[in-house]
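Okay, final.pdb now, which holds PDB, C-alpha atoms, pLDDT in the B column:
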ATOM      1  CA  MET R  28     138.978-146.429-106.508  1.00 75.00           C
ATOM      2  CA  SER R  29     135.814-144.555-107.372  1.00 78.00           C
ATOM      3  CA  ALA R  30     135.121-143.761-111.011  1.00 79.00           C
ATOM      4  CA  MET R  31     132.557-141.750-112.851  1.00 80.00           C
ATOM      5  CA  GLN R  32     131.993-140.414-116.297  1.00 83.00           C
ATOM      6  CA  ARG R  33     131.936-136.680-115.693  1.00 83.00           C
ATOM      7  CA  SER R  34     130.962-135.584-119.184  1.00 83.00           C
ATOM      8  CA  ARG R  35     129.782-137.080-122.453  1.00 85.00           C
ATOM      9  CA  GLU R  36     130.700-133.987-124.473  1.00 85.00           C
ATOM     10  CA  PRO R  37     133.640-133.977-124.237  1.00 93.00           C
ATOM     11  CA  ALA R  38     134.060-137.567-123.057  1.00 93.00           C
ATOM     12  CA  ILE R  39     135.744-137.286-119.628  1.00 94.00           C
ATOM     13  CA  TRP R  40     136.143-139.850-116.852  1.00 94.00           C
ATOM     14  CA  GLN R  41     137.414-139.159-113.331  1.00 95.00           C
ATOM     15  CA  PHE R  42     138.937-141.961-111.251  1.00 95.00           C
ATOM     16  CA  ASP R  43     139.590-140.898-107.658  1.00 96.00           C
ATOM     17  CA  GLY R  44     142.096-143.006-105.729  1.00 97.00           C
ATOM     18  CA  PHE R  45     143.620-144.414-108.917  1.00 97.00           C
ATOM     19  CA  LEU R  46     147.033-144.284-107.206  1.00 98.00           C
ATOM     20  CA  ASP R  47     147.815-144.194-103.496  1.00 98.00           C
ATOM     21  CA  SER R  48     150.106-141.624-101.832  1.00 98.00           C
ATOM     22  CA  ALA R  49     153.147-143.906-101.807  1.00 98.00           C
ATOM     23  CA  ALA R  50     152.851-144.584-105.554  1.00 97.00           C
ATOM     24  CA  CYS R  51     152.425-140.858-106.267  1.00 98.00           C
ATOM     25  CA  ARG R  52     155.558-139.981-104.246  1.00 97.00           C
ATOM     26  CA  ALA R  53     157.581-142.745-105.925  1.00 96.00           C
ATOM     27  CA  LEU R  54     156.551-141.664-109.426  1.00 96.00           C
ATOM     28  CA  SER R  55     157.306-138.027-108.603  1.00 94.00           C
ATOM     29  CA  ALA R  56     160.801-138.950-107.414  1.00 92.00           C
ATOM     30  CA  LEU R  57     161.368-141.110-110.488  1.00 91.00           C
ATOM     31  CA  ALA R  58     160.271-138.334-112.863  1.00 89.00           C
ATOM     32  CA  ARG R  59     162.532-135.763-111.191  1.00 83.00           C
ATOM     33  CA  LEU R  60     165.696-137.801-111.756  1.00 78.00           C
ATOM     34  CA  PRO R  61     168.406-135.599-113.286  1.00 69.00           C
ATOM     35  CA  ARG R  62     168.893-137.933-116.267  1.00 63.00           C
ATOM     36  CA  TRP R  63     165.509-137.004-117.751  1.00 58.00           C
ATOM     37  CA  ALA R  64     166.202-133.274-117.513  1.00 57.00           C
ATOM     38  CA  GLU R  65     169.530-133.683-119.300  1.00 53.00           C
ATOM     39  CA  GLU R  66     167.977-135.463-122.272  1.00 49.00           C
ATOM     40  CA  LYS R  67     165.616-132.648-123.315  1.00 47.00           C
ATOM     41  CA  PRO R  68     167.183-130.017-125.600  1.00 45.00           C
ATOM     42  CA  GLY R  69     167.067-126.600-123.980  1.00 48.00           C
ATOM     43  CA  GLY R  70     166.410-128.015-120.522  1.00 52.00           C
ATOM     44  CA  PRO R  71     163.240-129.020-118.730  1.00 55.00           C
ATOM     45  CA  ILE R  72     161.815-125.605-117.777  1.00 57.00           C
ATOM     46  CA  ASN R  73     159.581-123.613-120.118  1.00 58.00           C
ATOM     47  CA  HIS R  74     156.526-121.330-119.931  1.00 60.00           C
ATOM     48  CA  THR R  75     154.460-124.236-118.607  1.00 71.00           C
ATOM     49  CA  GLY R  76     156.801-125.086-115.749  1.00 77.00           C
ATOM     50  CA  TYR R  77     159.075-128.095-115.575  1.00 84.00           C
ATOM     51  CA  CYS R  78     158.352-130.665-118.283  1.00 85.00           C
ATOM     52  CA  VAL R  79     160.204-133.859-119.195  1.00 87.00           C
ATOM     53  CA  GLU R  80     159.554-137.073-121.074  1.00 90.00           C
ATOM     54  CA  VAL R  81     160.198-140.099-118.849  1.00 91.00           C
ATOM     55  CA  ALA R  82     161.069-143.325-120.656  1.00 91.00           C
ATOM     56  CA  VAL R  83     158.959-146.354-119.808  1.00 94.00           C
ATOM     57  CA  GLU R  84     161.817-148.480-118.473  1.00 92.00           C
ATOM     58  CA  ASP R  85     161.147-148.722-114.755  1.00 93.00           C
ATOM     59  CA  GLN R  86     158.819-151.570-113.738  1.00 96.00           C
ATOM     60  CA  ARG R  87     156.460-149.115-112.018  1.00 96.00           C
ATOM     61  CA  LEU R  88     155.951-147.264-115.300  1.00 96.00           C
ATOM     62  CA  LEU R  89     155.574-150.513-117.237  1.00 97.00           C
ATOM     63  CA  ASP R  90     152.876-151.589-114.764  1.00 97.00           C
ATOM     64  CA  LEU R  91     151.170-148.196-114.871  1.00 98.00           C
ATOM     65  CA  ARG R  92     151.109-148.212-118.679  1.00 98.00           C
ATOM     66  CA  ALA R  93     149.556-151.706-118.674  1.00 97.00           C
ATOM     67  CA  ARG R  94     146.966-150.638-116.116  1.00 96.00           C
ATOM     68  CA  LEU R  95     145.967-147.539-118.114  1.00 97.00           C
ATOM     69  CA  GLU R  96     145.766-149.457-121.377  1.00 96.00           C
ATOM     70  CA  SER R  97     143.643-152.148-119.743  1.00 94.00           C
ATOM     71  CA  LEU R  98     141.310-149.529-118.289  1.00 93.00           C
ATOM     72  CA  VAL R  99     140.821-147.785-121.626  1.00 93.00           C
ATOM     73  CA  GLY R 100     140.626-151.008-123.618  1.00 92.00           C
ATOM     74  CA  MET R 101     143.331-150.153-126.130  1.00 94.00           C
ATOM     75  CA  GLU R 102     147.088-150.040-126.327  1.00 96.00           C
ATOM     76  CA  SER R 103     148.864-146.941-127.532  1.00 96.00           C
ATOM     77  CA  ASP R 104     150.905-147.460-130.688  1.00 96.00           C
ATOM     78  CA  ILE R 105     153.468-144.942-129.389  1.00 94.00           C
ATOM     79  CA  ALA R 106     153.983-145.915-125.760  1.00 90.00           C
ATOM     80  CA  ASP R 107     157.616-145.301-124.897  1.00 92.00           C
ATOM     81  CA  THR R 108     157.243-142.321-122.530  1.00 93.00           C
ATOM     82  CA  PHE R 109     155.137-140.619-119.905  1.00 96.00           C
ATOM     83  CA  ARG R 110     155.201-136.821-119.734  1.00 94.00           C
ATOM     84  CA  TYR R 111     155.858-135.313-116.306  1.00 93.00           C
ATOM     85  CA  ARG R 112     154.862-131.707-115.554  1.00 93.00           C
ATOM     86  CA  TRP R 113     155.599-129.761-112.387  1.00 93.00           C
ATOM     87  CA  TYR R 114     154.009-126.342-111.885  1.00 93.00           C
ATOM     88  CA  ARG R 115     154.834-123.786-109.199  1.00 92.00           C
ATOM     89  CA  PRO R 116     152.848-120.665-108.197  1.00 93.00           C
ATOM     90  CA  GLY R 117     152.009-118.543-111.221  1.00 92.00           C
ATOM     91  CA  GLU R 118     152.633-121.358-113.708  1.00 91.00           C
ATOM     92  CA  GLY R 119     149.908-122.947-115.797  1.00 93.00           C
ATOM     93  CA  HIS R 120     149.226-124.168-119.306  1.00 93.00           C
ATOM     94  CA  ARG R 121     147.380-122.105-121.926  1.00 94.00           C
ATOM     95  CA  PRO R 122     144.159-123.437-123.539  1.00 95.00           C
ATOM     96  CA  HIS R 123     144.906-126.040-126.194  1.00 95.00           C
ATOM     97  CA  LEU R 124     143.727-129.243-127.839  1.00 96.00           C
ATOM     98  CA  ASP R 125     145.688-132.485-127.479  1.00 95.00           C
ATOM     99  CA  CYS R 126     145.325-133.173-131.193  1.00 92.00           C
ATOM    100  CA  TYR R 127     148.706-134.212-132.503  1.00 93.00           C
ATOM    101  CA  THR R 128     149.763-136.700-135.138  1.00 93.00           C
ATOM    102  CA  VAL R 129     152.958-138.749-134.876  1.00 93.00           C
ATOM    103  CA  GLU R 130     153.923-141.380-137.448  1.00 89.00           C
ATOM    104  CA  ASP R 131     150.354-141.349-138.916  1.00 93.00           C
ATOM    105  CA  ARG R 132     148.864-141.978-135.454  1.00 96.00           C
ATOM    106  CA  ASP R 133     146.572-139.460-133.750  1.00 96.00           C
ATOM    107  CA  LEU R 134     146.517-138.623-130.058  1.00 96.00           C
ATOM    108  CA  LEU R 135     143.020-139.980-129.387  1.00 97.00           C
ATOM    109  CA  ALA R 136     142.934-139.900-125.582  1.00 97.00           C
ATOM    110  CA  THR R 137     144.861-138.302-122.722  1.00 97.00           C
ATOM    111  CA  ALA R 138     145.323-139.831-119.258  1.00 98.00           C
ATOM    112  CA  MET R 139     146.498-137.396-116.573  1.00 98.00           C
ATOM    113  CA  ILE R 140     147.348-138.493-113.029  1.00 98.00           C
ATOM    114  CA  TYR R 141     147.680-135.857-110.324  1.00 98.00           C
ATOM    115  CA  LEU R 142     150.681-136.741-108.132  1.00 98.00           C
ATOM    116  CA  GLN R 143     149.818-134.277-105.354  1.00 97.00           C
ATOM    117  CA  THR R 144     146.944-132.146-104.133  1.00 98.00           C
ATOM    118  CA  THR R 145     147.444-128.485-104.951  1.00 98.00           C
ATOM    119  CA  GLU R 146     146.685-125.989-102.161  1.00 98.00           C
ATOM    120  CA  ALA R 147     144.977-123.480-104.469  1.00 98.00           C
ATOM    121  CA  GLY R 148     144.547-123.127-108.220  1.00 98.00           C
ATOM    122  CA  GLY R 149     145.948-125.457-110.849  1.00 97.00           C
ATOM    123  CA  GLU R 150     142.564-126.779-111.972  1.00 98.00           C
ATOM    124  CA  THR R 151     142.310-128.536-115.307  1.00 98.00           C
ATOM    125  CA  ARG R 152     139.619-126.516-117.042  1.00 98.00           C
ATOM    126  CA  PHE R 153     137.548-127.444-120.071  1.00 97.00           C
ATOM    127  CA  PRO R 154     136.198-123.930-120.768  1.00 96.00           C
ATOM    128  CA  LEU R 155     133.806-124.787-123.607  1.00 94.00           C
ATOM    129  CA  ALA R 156     132.245-127.544-121.485  1.00 93.00           C
ATOM    130  CA  GLY R 157     132.204-125.454-118.285  1.00 95.00           C
ATOM    131  CA  LEU R 158     134.122-128.082-116.300  1.00 96.00           C
ATOM    132  CA  ASP R 159     136.944-127.661-113.749  1.00 97.00           C
ATOM    133  CA  PHE R 160     138.891-130.490-112.102  1.00 97.00           C
ATOM    134  CA  PRO R 161     141.014-129.581-109.073  1.00 98.00           C
ATOM    135  CA  PRO R 162     144.336-131.418-108.637  1.00 98.00           C
ATOM    136  CA  VAL R 163     143.772-134.176-106.063  1.00 98.00           C
ATOM    137  CA  GLU R 164     146.546-136.654-105.281  1.00 98.00           C
ATOM    138  CA  GLY R 165     146.000-140.025-106.950  1.00 98.00           C
ATOM    139  CA  ARG R 166     143.171-138.831-109.222  1.00 98.00           C
ATOM    140  CA  LEU R 167     143.189-139.964-112.843  1.00 97.00           C
ATOM    141  CA  LEU R 168     141.474-137.755-115.371  1.00 97.00           C
ATOM    142  CA  LEU R 169     140.885-139.410-118.748  1.00 96.00           C
ATOM    143  CA  TRP R 170     139.509-137.556-121.745  1.00 96.00           C
ATOM    144  CA  TYR R 171     139.081-138.104-125.449  1.00 96.00           C
ATOM    145  CA  ASN R 172     140.386-135.609-127.978  1.00 96.00           C
ATOM    146  CA  HIS R 173     138.363-137.073-130.842  1.00 96.00           C
ATOM    147  CA  LEU R 174     134.719-137.935-131.282  1.00 95.00           C
ATOM    148  CA  PRO R 175     133.808-141.598-131.883  1.00 94.00           C
ATOM    149  CA  ASP R 176     133.696-140.909-135.646  1.00 95.00           C
ATOM    150  CA  GLY R 177     137.349-139.758-135.548  1.00 94.00           C
ATOM    151  CA  GLU R 178     136.762-136.020-135.903  1.00 95.00           C
ATOM    152  CA  ILE R 179     138.546-133.710-133.466  1.00 95.00           C
ATOM    153  CA  ASP R 180     136.325-132.815-130.515  1.00 96.00           C
ATOM    154  CA  PRO R 181     136.504-129.009-130.072  1.00 96.00           C
ATOM    155  CA  LEU R 182     134.998-129.379-126.578  1.00 96.00           C
ATOM    156  CA  SER R 183     138.164-131.196-125.460  1.00 97.00           C
ATOM    157  CA  ARG R 184     140.019-127.855-125.455  1.00 97.00           C
ATOM    158  CA  HIS R 185     141.480-127.567-121.972  1.00 98.00           C
ATOM    159  CA  GLU R 186     143.949-125.583-119.905  1.00 97.00           C
ATOM    160  CA  GLY R 187     145.937-125.855-116.717  1.00 96.00           C
ATOM    161  CA  ARG R 188     144.859-122.906-114.584  1.00 97.00           C
ATOM    162  CA  PRO R 189     147.768-121.145-112.859  1.00 95.00           C
ATOM    163  CA  VAL R 190     148.797-122.521-109.491  1.00 96.00           C
ATOM    164  CA  ILE R 191     148.001-119.994-106.755  1.00 97.00           C
ATOM    165  CA  ALA R 192     149.509-121.790-103.730  1.00 97.00           C
ATOM    166  CA  GLY R 193     151.517-124.976-103.429  1.00 96.00           C
ATOM    167  CA  GLU R 194     152.600-127.022-106.429  1.00 95.00           C
ATOM    168  CA  LYS R 195     150.969-129.169-109.073  1.00 96.00           C
ATOM    169  CA  GLU R 196     152.530-132.369-110.397  1.00 96.00           C
ATOM    170  CA  VAL R 197     151.021-134.506-113.124  1.00 97.00           C
ATOM    171  CA  LEU R 198     152.035-137.573-115.060  1.00 97.00           C
ATOM    172  CA  LEU R 199     150.508-137.866-118.530  1.00 97.00           C
ATOM    173  CA  TYR R 200     150.087-140.816-120.833  1.00 98.00           C
ATOM    174  CA  PHE R 201     148.941-140.356-124.417  1.00 97.00           C
ATOM    175  CA  PHE R 202     146.989-142.893-126.468  1.00 97.00           C
ATOM    176  CA  TYR R 203     148.151-142.720-130.081  1.00 97.00           C
ATOM    177  CA  LYS R 204     146.171-144.820-132.578  1.00 96.00           C
ATOM    178  CA  GLN R 205     144.661-144.482-136.015  1.00 95.00           C
ATOM    179  CA  ARG R 206     141.433-142.476-135.973  1.00 93.00           C
ATOM    180  CA  GLU R 207     139.355-145.582-136.652  1.00 93.00           C
ATOM    181  CA  PHE R 208     139.928-146.494-132.973  1.00 93.00           C
ATOM    182  CA  ALA R 209     138.415-143.217-131.698  1.00 93.00           C
ATOM    183  CA  GLY R 210     135.179-144.905-130.634  1.00 91.00           C
ATOM    184  CA  ILE R 211     136.849-147.144-128.019  1.00 89.00           C
ATOM    185  CA  ARG R 212     135.793-146.043-124.539  1.00 87.00           C
ATOM    186  CA  PRO R 213     136.219-147.504-121.014  1.00 82.00           C
ATOM    187  CA  GLU R 214     133.626-150.123-120.169  1.00 71.00           C
ATOM    188  CA  GLY R 215     132.478-152.049-117.160  1.00 54.00           C
ATOM    189  CA  GLU R 216     132.772-151.584-113.424  1.00 46.00           C
ATOM    190  CA  TRP R 217     135.878-150.152-111.777  1.00 44.00           C
TER     191      TRP R 217
END
This entry written out as structure tokens:
Amino acid sequence: MSAMQRSREPAIWQFDGFLDSAACRALSALARLPRWAEEKPGGPINHTGYCVEVAVEDQRLLDLRARLESLVGMESDIADTFRYRWYRPGEGHRPHLDCYTVEDRDLLATAMIYLQTTEAGGETRFPLAGLDFPPVEGRLLLWYNHLPDGEIDPLSRHEGRPVIAGEKEVLLYFFYKQREFAGIRPEGEW
């Protein structure tokens, strides 16, 4: 796995080869199980493609959660699901901030794993920072939605550019903590 901090403002790390092809295919198949689609009111398809919450019950997801939390150096206080998104040509995700509060915990950091390489389009764009990340199978993109002092980082605004050819699949894990933990960042060699 190769890792690099791609930006300090916003704080973004890219880990290529975080998962191998077999793990990506297995997680994709797990996330597409019909039981997850049935549990979401209104169904799994919306303006941003197919989206479902996948409960962390399977050992592969338990292991992945532990690996992500170890990498970041903090456990999420709300860690019961991964979010799976599947985009087809023409689908994307409008610009937004991942700044949500649940049970007095803030979404401090977002981990996104690309489960396949997209033929064209589908980049994760941070427009205010001038950064684009193409979907590459097994790549982990990790970014912080808050500054170390706990304030929301406006530069973390991002979007999923529309897929032009092929498909885009991602698995997301959200780190919810109190804002006092916003300064925790990955350390060491990977």
Which residues are near segment 40-48 of chain R? Cut-off 12 Å, only C-alpha atoms, ignore same chain within fewer than 5 positions. Put them as a VMD selection string. chain R and resid 28 to 35 53 to 55 87 91 94 to 95 98 to 99 136 to 144 151 158 to 171 198 212 to 214 216 to 217
When the PyMOL selection byres ((chain R and resi 209) around 9) is applied to the file above, which residues end up in the set, as number ranges by chain? R: 135-136, 171-178, 204-208, 210-212
What does the distance between atom CA of Asp133 of chain R and atom CA of Arg112 of chain R come to in Å, to one decimal place?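 Atom-to-atom, atom CA of Asp133 of chain R to atom CA of Arg112 of chain R, that is 21.4 Å.
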Enclose all atoms of segment 47-59 of chain R listed in the file in an axis-aligned box, grow every side by 8 Å, and hand back centre and edge lengths in Å to one decimal, as lines of an AutoDock Vina configuration file.
center_x = 155.2
center_y = -140.2
center_z = -107.3
size_x = 30.7
size_y = 24.8
size_z = 27.1
For the atom pair atom CA of Leu124 of chain R and atom CA of Glu150 of chain R, what is the interatomic distance in Å to one decimal place?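 The value is 16.1 Å.
Coordinates place atom CA of Met101 of chain R at a distance of 20.9 Å from atom CA of Val81 of chain R.
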